[in-house]
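Undergrad: Take a look at this one; I'll ask things after.
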Amino acid sequence: MSEASKITLACLDLAGTTVGDHGLVESAFVDALATLGIVAGTAAFDQAMIRVRESRGRPKVEIFRQLIPEGAAGGEVWARTANLSFERSYDAAIDRVGLAPVPGAEAALDKLAGAGVRLCLMTGFSRGTLGRVLDTLDWWKRVDLVICPDDVGGRGRPWPDLVLTAALRLQVEDVRHVAVCGDTASDILSGRRAGASIVAGVLTGAHDREQLLGAGATHVIDSIVDLPDLVLGTTG
């Protein structure tokens, strides 16, 4: 690997990438949609879930904003109400079934850190939900930085803000020294827009190979387990 592309920072998504999802996020969306009067078994629900699935990785409140007709009375209040329902449902799911890393994720993080790569976890969750996930996994000291849309004025993925903010805070010399890894098209778009050299999609989450490649992934790997070899230049 050339000096220009030497990776010094890896920006990694949470749910579906480093943390097992097992349908918890989608279930929380279903509960939140009910607060908007969109319930399973209706055409409106089917259409809403298509948009939810396409938008995975984006800030959750933004997804709800997209589901409310433009100009609807109290639209922002309804979006924030739905977002609060999402957070409560996801928290309840953590209480009920717990959380676990994607198999091999902790070893992958340790391998990257051991090679001198700094680690940032980023997400479309709110700051409160992010904290709950990290508390549950005891991951606060495992990485150098955690970041969410609340930290960048609300403008999360697919914009580059999360990645660029991480690069600034961790004093990366060149955006080409950044690797981004996630399971959604939004993750991939964010990494490409930020100028990262490696923007890898994983197949353990929301979107498939075609969606990840369509968004511009430089690589598609089976899971986070494969990222260290890619980042450290020990595999093609």
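Naming scheme: A, B, ... for chains in displayed order of the structure tokens; residues 1 onward per chain; ligands 1 onward as shown.
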Which range 148-215 of chain A residues have any atom within 10 Å of an atom of range 22-29 of chain A, and for each, what is the nearest pair of atoms with distance in Å to one decimal, counting only C-alpha atoms, rows sorted by chain and number, as a Markdown table?
TA:
| residue | atom | partner | partner_atom | distance |
| --- | --- | --- | --- | --- |
| A:Thr204 | CA | A:His22 | CA | 9.7 |
| A:Gly205 | CA | A:His22 | CA | 8.7 |
| A:Ala206 | CA | A:Gly23 | CA | 9.3 |
Undergrad: Using 9 Å as the limit and counting only C-alpha atoms, can you tabulate each residue of range 90-132 of chain A that touches range 53-58 of chain A, with its shortest atom-to-atom distance in Å and the two atoms involved, as a Markdown table?
TA:
| residue | atom | partner | partner_atom | distance |
| --- | --- | --- | --- | --- |
| A:Thr123 | CA | A:Gly57 | CA | 7.1 |
| A:Gly124 | CA | A:Arg58 | CA | 5.2 |
| A:Phe125 | CA | A:Arg58 | CA | 8.5 |
Undergrad: Can you write just those residues out, all heavy atoms, as a PDB file, in the first residue's frame?
TA:
ATOM      1  N   THR A 123     -23.058   6.296  13.429  1.00  0.00           N
ATOM      2  CA  THR A 123     -24.387   5.710  13.355  1.00  0.00           C
ATOM      3  C   THR A 123     -25.424   6.744  12.957  1.00  0.00           C
ATOM      4  O   THR A 123     -25.174   7.952  13.028  1.00  0.00           O
ATOM      5  CB  THR A 123     -24.753   5.117  14.737  1.00  0.00           C
ATOM      6  OG1 THR A 123     -26.026   4.495  14.672  1.00  0.00           O
ATOM      7  CG2 THR A 123     -24.791   6.194  15.808  1.00  0.00           C
ATOM      8  N   GLY A 124     -26.592   6.251  12.554  1.00  0.00           N
ATOM      9  CA  GLY A 124     -27.742   7.108  12.340  1.00  0.00           C
ATOM     10  C   GLY A 124     -28.619   7.208  13.568  1.00  0.00           C
ATOM     11  O   GLY A 124     -29.636   7.897  13.560  1.00  0.00           O
ATOM     12  N   PHE A 125     -28.254   6.499  14.641  1.00  0.00           N
ATOM     13  CA  PHE A 125     -28.974   6.604  15.903  1.00  0.00           C
ATOM     14  C   PHE A 125     -28.765   7.984  16.519  1.00  0.00           C
ATOM     15  O   PHE A 125     -27.787   8.673  16.240  1.00  0.00           O
ATOM     16  CB  PHE A 125     -28.468   5.567  16.907  1.00  0.00           C
ATOM     17  CG  PHE A 125     -28.822   4.141  16.598  1.00  0.00           C
ATOM     18  CD1 PHE A 125     -27.927   3.124  16.890  1.00  0.00           C
ATOM     19  CD2 PHE A 125     -30.039   3.800  16.044  1.00  0.00           C
ATOM     20  CE1 PHE A 125     -28.244   1.799  16.643  1.00  0.00           C
ATOM     21  CE2 PHE A 125     -30.366   2.478  15.776  1.00  0.00           C
ATOM     22  CZ  PHE A 125     -29.463   1.475  16.083  1.00  0.00           C
TER      23      PHE A 125
END
Undergrad: Using only C-alpha atoms, which residues sit within 8 Å of range 139-149 of chain A once same-chain residues fewer than 5 positions away are excluded, as a list in words?
TA: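 In the requested form, the answer reads Pro59, Leu109, Asp110, Arg118, Leu119, Cys120, Leu121, Met122, Thr123, Gly124, Phe125, Ser126, Arg127, Leu130, Leu134, Gly154, Arg155, Gly156, Leu162 and Ala166 of chain A.
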Undergrad: List the spatial neighbours of Asp187 in chain A as an mmCIF file with N, CA, C and O atoms, in the first residue's frame - criterion: any atom at most 10 Å away, only C-alpha atoms, same-chain residues fewer than 2 positions off excluded.
TA:
data_model
loop_
_atom_site.group_PDB
_atom_site.id
_atom_site.type_symbol
_atom_site.label_atom_id
_atom_site.label_comp_id
_atom_site.auth_asym_id
_atom_site.auth_seq_id
_atom_site.Cartn_x
_atom_site.Cartn_y
_atom_site.Cartn_z
ATOM 1 N N CYS A 11 -13.642 4.288 9.932
ATOM 2 C CA CYS A 11 -14.956 4.751 10.386
ATOM 3 C C CYS A 11 -15.959 3.631 10.152
ATOM 4 O O CYS A 11 -16.217 3.254 8.997
ATOM 5 N N LEU A 12 -16.514 3.112 11.215
ATOM 6 C CA LEU A 12 -17.305 1.889 11.155
ATOM 7 C C LEU A 12 -18.724 2.129 11.641
ATOM 8 O O LEU A 12 -18.941 2.727 12.699
ATOM 9 N N ASP A 13 -19.681 1.630 10.891
ATOM 10 C CA ASP A 13 -21.082 1.706 11.284
ATOM 11 C C ASP A 13 -21.362 0.757 12.456
ATOM 12 O O ASP A 13 -20.582 -0.162 12.733
ATOM 13 N N ARG A 56 -32.205 3.088 5.079
ATOM 14 C CA ARG A 56 -31.454 2.655 6.245
ATOM 15 C C ARG A 56 -30.063 3.276 6.263
ATOM 16 O O ARG A 56 -29.413 3.428 5.242
ATOM 17 N N GLY A 57 -29.601 3.629 7.454
ATOM 18 C CA GLY A 57 -28.307 4.283 7.622
ATOM 19 C C GLY A 57 -28.423 5.779 7.813
ATOM 20 O O GLY A 57 -27.499 6.409 8.330
ATOM 21 N N ARG A 58 -29.544 6.361 7.414
ATOM 22 C CA ARG A 58 -29.746 7.796 7.572
ATOM 23 C C ARG A 58 -30.220 8.102 9.003
ATOM 24 O O ARG A 58 -30.673 7.208 9.718
ATOM 25 N N MET A 122 -19.683 5.153 14.000
ATOM 26 C CA MET A 122 -20.655 6.175 13.614
ATOM 27 C C MET A 122 -21.985 5.517 13.286
ATOM 28 O O MET A 122 -22.041 4.335 12.916
ATOM 29 N N THR A 123 -23.058 6.296 13.429
ATOM 30 C CA THR A 123 -24.387 5.710 13.355
ATOM 31 C C THR A 123 -25.424 6.744 12.957
ATOM 32 O O THR A 123 -25.174 7.952 13.028
ATOM 33 N N GLY A 124 -26.592 6.251 12.554
ATOM 34 C CA GLY A 124 -27.742 7.108 12.340
ATOM 35 C C GLY A 124 -28.619 7.208 13.568
ATOM 36 O O GLY A 124 -29.636 7.897 13.560
ATOM 37 N N GLY A 156 -26.600 13.733 8.988
ATOM 38 C CA GLY A 156 -25.874 12.469 8.981
ATOM 39 C C GLY A 156 -25.693 11.930 7.578
ATOM 40 O O GLY A 156 -25.625 12.677 6.599
ATOM 41 N N ARG A 157 -25.607 10.628 7.455
ATOM 42 C CA ARG A 157 -25.453 10.000 6.144
ATOM 43 C C ARG A 157 -26.736 10.169 5.322
ATOM 44 O O ARG A 157 -27.813 10.253 5.897
ATOM 45 N N PRO A 158 -26.614 10.282 4.001
ATOM 46 C CA PRO A 158 -25.466 9.979 3.148
ATOM 47 C C PRO A 158 -24.490 11.132 2.933
ATOM 48 O O PRO A 158 -23.597 11.015 2.096
ATOM 49 N N TRP A 159 -24.670 12.236 3.631
ATOM 50 C CA TRP A 159 -23.705 13.333 3.506
ATOM 51 C C TRP A 159 -22.369 12.932 4.132
ATOM 52 O O TRP A 159 -22.301 11.993 4.945
ATOM 53 N N PRO A 160 -21.296 13.638 3.829
ATOM 54 C CA PRO A 160 -19.965 13.248 4.297
ATOM 55 C C PRO A 160 -19.618 13.734 5.696
ATOM 56 O O PRO A 160 -18.536 13.456 6.196
ATOM 57 N N VAL A 163 -18.020 11.436 8.550
ATOM 58 C CA VAL A 163 -16.652 10.979 8.234
ATOM 59 C C VAL A 163 -15.665 12.136 8.326
ATOM 60 O O VAL A 163 -14.585 12.007 8.916
ATOM 61 N N VAL A 180 -13.908 3.544 5.318
ATOM 62 C CA VAL A 180 -15.284 3.554 5.811
ATOM 63 C C VAL A 180 -15.878 2.184 5.572
ATOM 64 O O VAL A 180 -15.654 1.575 4.512
ATOM 65 N N CYS A 181 -16.629 1.684 6.540
ATOM 66 C CA CYS A 181 -17.243 0.368 6.386
ATOM 67 C C CYS A 181 -18.664 0.408 6.933
ATOM 68 O O CYS A 181 -18.894 0.869 8.048
ATOM 69 N N GLY A 182 -19.622 -0.062 6.137
ATOM 70 C CA GLY A 182 -21.008 -0.081 6.575
ATOM 71 C C GLY A 182 -21.842 -1.049 5.765
ATOM 72 O O GLY A 182 -21.373 -1.612 4.775
ATOM 73 N N ASP A 183 -23.094 -1.209 6.181
ATOM 74 C CA ASP A 183 -23.976 -2.207 5.564
ATOM 75 C C ASP A 183 -25.068 -1.596 4.701
ATOM 76 O O ASP A 183 -25.916 -2.335 4.193
ATOM 77 N N THR A 184 -25.068 -0.255 4.536
ATOM 78 C CA THR A 184 -26.124 0.382 3.746
ATOM 79 C C THR A 184 -25.554 1.267 2.648
ATOM 80 O O THR A 184 -24.405 1.715 2.713
ATOM 81 N N ALA A 185 -26.416 1.540 1.659
ATOM 82 C CA ALA A 185 -26.010 2.445 0.583
ATOM 83 C C ALA A 185 -25.672 3.820 1.134
ATOM 84 O O ALA A 185 -24.770 4.499 0.618
ATOM 85 N N LEU A 189 -22.321 5.947 0.308
ATOM 86 C CA LEU A 189 -22.359 7.290 -0.267
ATOM 87 C C LEU A 189 -21.615 8.285 0.614
ATOM 88 O O LEU A 189 -20.871 9.145 0.110
ATOM 89 N N SER A 190 -21.791 8.172 1.907
ATOM 90 C CA SER A 190 -21.099 9.073 2.834
ATOM 91 C C SER A 190 -19.592 8.943 2.701
ATOM 92 O O SER A 190 -18.869 9.942 2.627
ATOM 93 N N GLY A 191 -19.102 7.714 2.664
ATOM 94 C CA GLY A 191 -17.669 7.493 2.537
ATOM 95 C C GLY A 191 -17.108 7.985 1.218
ATOM 96 O O GLY A 191 -16.029 8.602 1.179
ATOM 97 N N ARG A 192 -17.838 7.753 0.135
ATOM 98 C CA ARG A 192 -17.359 8.204 -1.175
ATOM 99 C C ARG A 192 -17.334 9.726 -1.249
ATOM 100 O O ARG A 192 -16.386 10.325 -1.768
ATOM 101 N N VAL A 199 -13.978 2.235 0.811
ATOM 102 C CA VAL A 199 -15.373 2.352 1.245
ATOM 103 C C VAL A 199 -15.990 0.976 1.047
ATOM 104 O O VAL A 199 -16.414 0.618 -0.055
ATOM 105 N N ALA A 200 -15.980 0.207 2.115
ATOM 106 C CA ALA A 200 -16.331 -1.212 2.029
ATOM 107 C C ALA A 200 -17.742 -1.466 2.538
ATOM 108 O O ALA A 200 -18.126 -0.989 3.606
ATOM 109 N N GLY A 201 -18.508 -2.212 1.762
ATOM 110 C CA GLY A 201 -19.820 -2.655 2.198
ATOM 111 C C GLY A 201 -19.730 -4.048 2.776
ATOM 112 O O GLY A 201 -18.931 -4.873 2.309
ATOM 113 N N LEU A 212 -25.018 -2.108 -2.496
ATOM 114 C CA LEU A 212 -23.758 -1.538 -2.029
ATOM 115 C C LEU A 212 -22.874 -1.120 -3.197
ATOM 116 O O LEU A 212 -22.301 -0.026 -3.199
ATOM 117 N N ALA A 215 -24.140 1.952 -4.928
ATOM 118 C CA ALA A 215 -23.851 3.200 -4.211
ATOM 119 C C ALA A 215 -22.400 3.623 -4.347
ATOM 120 O O ALA A 215 -22.036 4.730 -3.938
ATOM 121 N N ALA A 217 -19.514 1.313 -3.599
ATOM 122 C CA ALA A 217 -18.555 0.630 -2.732
ATOM 123 C C ALA A 217 -17.296 0.255 -3.507
ATOM 124 O O ALA A 217 -17.374 -0.263 -4.623
#
Undergrad: Select from range 62-215 of chain A everything DSSP, run on the backbone, classes as strand (DSSP E), then give the selection as a list of chain:residue names.
TA: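 Assigned to strand (DSSP E), within range 62-215 of chain A: A:Arg118, A:Leu119, A:Cys120, A:Leu121, A:Met122, A:Leu145, A:Val146, A:Ile147, A:Val178, A:Ala179, A:Val180, A:Cys181, A:Gly182, A:Ile198, A:Val199, A:Ala200, A:Gly201, A:Val202.
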